[in-house]
Amino acid sequence: MTVKVAIIGGGPAGAVCSLHLARAGIDVLMFERDPRREKPCGGGLTLRAIRALPFWRELQIVESKVHQLCLISPSRRRIDLELENPIRIVSRRHLDGALRRLAISAGATLIEESVRKPLPARKGGWRINGHHADIVVGAGGINDPVARYHGLSFTRERRGQAVGYFVRGIFPQRIVCRFFPGLWGYAWWFPRPDHASLGIELLGGEFKPERAWSLLDRFVRQDLHHHIVNEEKLDLKRARPYTWTEPILDPKTLETRPLNGRDWLLVGDAAGMVDTVTGEGIPYALISGGLAAHAIQTGRLVEYANAMKNEVLPELIQAARLSPAFYFLPLLRSSLFVLAKSPTMQTITKDMAMGRQNYRGFTRRLLRDTPRVVKDLGLYLAGHILKKGEFHAC
């Protein structure tokens, strides 16, 4: 039986789902209201994201390969890490566009329209902007119409808020993340190939735009000027401001939120697939898009939810449990202090940043490596005391 699939949203989740289905010979309608817009996120692709892109080389997009990561604690202690495997930073406009072009070349049809309310068709399937589809995939982000139709919209308490700028220019290849006292979130600087993404996101608690812009300004003045970029090149008067919203779900919501029905599925941000520690969503969008396509090809949509519960949700649920503790100020300050002095903790952190270490194994690895961390700190303290001349051998 011939099946037609409508995919609402042409971001990573929707485009990857469209690509897999089109290559399998399935008739795909991909709706994207604004395919030329730039999206406000860091744009960093870790090893986890690259593994979810087996056709990465086919995309042929310009990237920045970044090996340097700078973390700045709430007390402004700076930690510089050298990454063995780079984080690839891309323009989201270029990434999403390249994925859509691959899908179109495989046979998918791109429709540049905003989707109004999807409606069930009388004889089964869906009516989407006058088009008929047997199955609809909601890949439209936080305001996805399929999720909204099924009463699965995200409340204000389940939304992360971000503000920032796209800054023109070519900058040193270094990611910078700054944490602030009392902020459940962080500021970032990601150098893309022809511009940088500068922003700050609140992952929990009440979002106050004035405070967010003020902290972002402090980040620029205290940490980026003179140290990270050339002050003359960092001209925010020519930068383009942005605001952004994404789903930030608690563990219970992640465990219970429906991901599909008889003839519909939710992927990416529309499904709430975002890391609540970092705000990262690209790898989970790519994975969910691929799993949704596989379930549609087999004709067993229920297998999509099962696959997500096995491959994706345990990781995101663990991240949601860790997020409040991580951003609790004393814990954060102390953990960054340990990080600065312990090569073992630096290795763990680099593996997390590159996508080699997941959250599910983080606690187990931390417990296993605690003796080495303690030894690292002992060696540091002994050397510090000797350096100050406070300890003399007999």
# chains A, B, ... in the order shown; residues from 1 in each chain; ligands from 1
>>> select_by_dssp(residues="region 98-199 of chain A", states="helix (DSSP H, G or I)", output="VMD selection string")
chain A and resid 98 to 105 141 to 143 145 to 149 156 to 158
>>> select_by_dssp(residues="region 209-321 of chain A", states="strand (DSSP E)", output="list in words")
Arg240, Pro241, Tyr242, Thr243, Trp244, Thr245, Glu246, Pro247, Trp264, Leu265 and Leu266 of chain A
>>> closest_residue(among="A:Ala106, A:Leu53, A:Ala6, A:Gln161", to="Ala133 (chain A)", atoms="only C-alpha atoms")
A:Ala6
>>> residues_around(residues="Ile142 (chain A)", least_positions_apart="5", cutoff="8 Å", atoms="only C-alpha atoms", output="list of chain:residue names")
A:Ser153, A:Phe154, A:Thr245, A:Glu246, A:Pro247, A:Asp269, A:Ala270, A:Gly272
>>> residues_around(residues="Asn143 (chain A)", least_positions_apart="3", cutoff="12 Å", atoms="only C-alpha atoms", output="number ranges by chain")
A: 8-9, 114-117, 138-140, 146-149, 151-156, 159, 244-247, 266, 268-272
>>> closest_residue(among="A:Ile170, A:Ala239, A:Leu313, A:Ile175", to="Ile87 (chain A)", atoms="only C-alpha atoms")
A:Ile175
>>> decode(residues="region 131-149 of chain A", atoms="N, CA, C and O atoms", output="mmCIF file, in the first residue's frame")
data_model
loop_
_atom_site.group_PDB
_atom_site.id
_atom_site.type_symbol
_atom_site.label_atom_id
_atom_site.label_comp_id
_atom_site.auth_asym_id
_atom_site.auth_seq_id
_atom_site.Cartn_x
_atom_site.Cartn_y
_atom_site.Cartn_z
ATOM 1 N N HIS A 131 -3.494 19.531 1.549
ATOM 2 C CA HIS A 131 -2.864 18.296 1.068
ATOM 3 C C HIS A 131 -3.305 17.129 1.956
ATOM 4 O O HIS A 131 -3.504 17.286 3.160
ATOM 5 N N HIS A 132 -3.407 15.952 1.349
ATOM 6 C CA HIS A 132 -3.740 14.763 2.120
ATOM 7 C C HIS A 132 -2.475 13.978 2.453
ATOM 8 O O HIS A 132 -1.548 13.861 1.642
ATOM 9 N N ALA A 133 -2.414 13.445 3.676
ATOM 10 C CA ALA A 133 -1.311 12.575 4.088
ATOM 11 C C ALA A 133 -1.857 11.471 4.968
ATOM 12 O O ALA A 133 -2.791 11.684 5.749
ATOM 13 N N ASP A 134 -1.289 10.277 4.833
ATOM 14 C CA ASP A 134 -1.703 9.151 5.667
ATOM 15 C C ASP A 134 -1.129 9.264 7.072
ATOM 16 O O ASP A 134 -1.759 8.847 8.051
ATOM 17 N N ILE A 135 0.070 9.807 7.171
ATOM 18 C CA ILE A 135 0.761 9.945 8.463
ATOM 19 C C ILE A 135 1.332 11.357 8.537
ATOM 20 O O ILE A 135 1.835 11.893 7.536
ATOM 21 N N VAL A 136 1.271 11.963 9.717
ATOM 22 C CA VAL A 136 1.853 13.287 9.905
ATOM 23 C C VAL A 136 2.918 13.223 10.993
ATOM 24 O O VAL A 136 2.728 12.569 12.021
ATOM 25 N N VAL A 137 4.043 13.884 10.737
ATOM 26 C CA VAL A 137 5.148 13.940 11.688
ATOM 27 C C VAL A 137 5.296 15.381 12.166
ATOM 28 O O VAL A 137 5.515 16.287 11.356
ATOM 29 N N GLY A 138 5.183 15.581 13.476
ATOM 30 C CA GLY A 138 5.355 16.913 14.047
ATOM 31 C C GLY A 138 6.819 17.169 14.334
ATOM 32 O O GLY A 138 7.393 16.583 15.248
ATOM 33 N N ALA A 139 7.426 18.046 13.518
ATOM 34 C CA ALA A 139 8.831 18.403 13.696
ATOM 35 C C ALA A 139 8.974 19.922 13.721
ATOM 36 O O ALA A 139 9.994 20.472 13.325
ATOM 37 N N GLY A 140 7.904 20.579 14.192
ATOM 38 C CA GLY A 140 7.827 22.025 14.116
ATOM 39 C C GLY A 140 8.297 22.770 15.340
ATOM 40 O O GLY A 140 7.899 23.918 15.545
ATOM 41 N N GLY A 141 9.111 22.135 16.169
ATOM 42 C CA GLY A 141 9.663 22.844 17.323
ATOM 43 C C GLY A 141 8.677 23.015 18.461
ATOM 44 O O GLY A 141 7.689 22.285 18.577
ATOM 45 N N ILE A 142 8.915 24.019 19.280
ATOM 46 C CA ILE A 142 8.155 24.171 20.514
ATOM 47 C C ILE A 142 6.694 24.544 20.271
ATOM 48 O O ILE A 142 5.838 24.308 21.118
ATOM 49 N N ASN A 143 6.401 25.123 19.102
ATOM 50 C CA ASN A 143 5.019 25.475 18.772
ATOM 51 C C ASN A 143 4.445 24.565 17.702
ATOM 52 O O ASN A 143 3.585 24.978 16.914
ATOM 53 N N ASP A 144 4.877 23.339 17.687
ATOM 54 C CA ASP A 144 4.459 22.391 16.655
ATOM 55 C C ASP A 144 2.939 22.217 16.619
ATOM 56 O O ASP A 144 2.306 21.975 17.652
ATOM 57 N N PRO A 145 2.315 22.328 15.445
ATOM 58 C CA PRO A 145 0.852 22.215 15.353
ATOM 59 C C PRO A 145 0.316 20.815 15.636
ATOM 60 O O PRO A 145 -0.828 20.675 16.090
ATOM 61 N N VAL A 146 1.103 19.777 15.368
ATOM 62 C CA VAL A 146 0.630 18.416 15.670
ATOM 63 C C VAL A 146 0.555 18.223 17.186
ATOM 64 O O VAL A 146 -0.422 17.696 17.720
ATOM 65 N N ALA A 147 1.600 18.662 17.890
ATOM 66 C CA ALA A 147 1.578 18.583 19.354
ATOM 67 C C ALA A 147 0.441 19.412 19.914
ATOM 68 O O ALA A 147 -0.272 18.984 20.841
ATOM 69 N N ARG A 148 0.234 20.594 19.344
ATOM 70 C CA ARG A 148 -0.843 21.468 19.822
ATOM 71 C C ARG A 148 -2.209 20.808 19.597
ATOM 72 O O ARG A 148 -3.086 20.869 20.470
ATOM 73 N N TYR A 149 -2.407 20.170 18.449
ATOM 74 C CA TYR A 149 -3.680 19.506 18.147
ATOM 75 C C TYR A 149 -3.991 18.425 19.175
ATOM 76 O O TYR A 149 -5.143 18.237 19.576
#
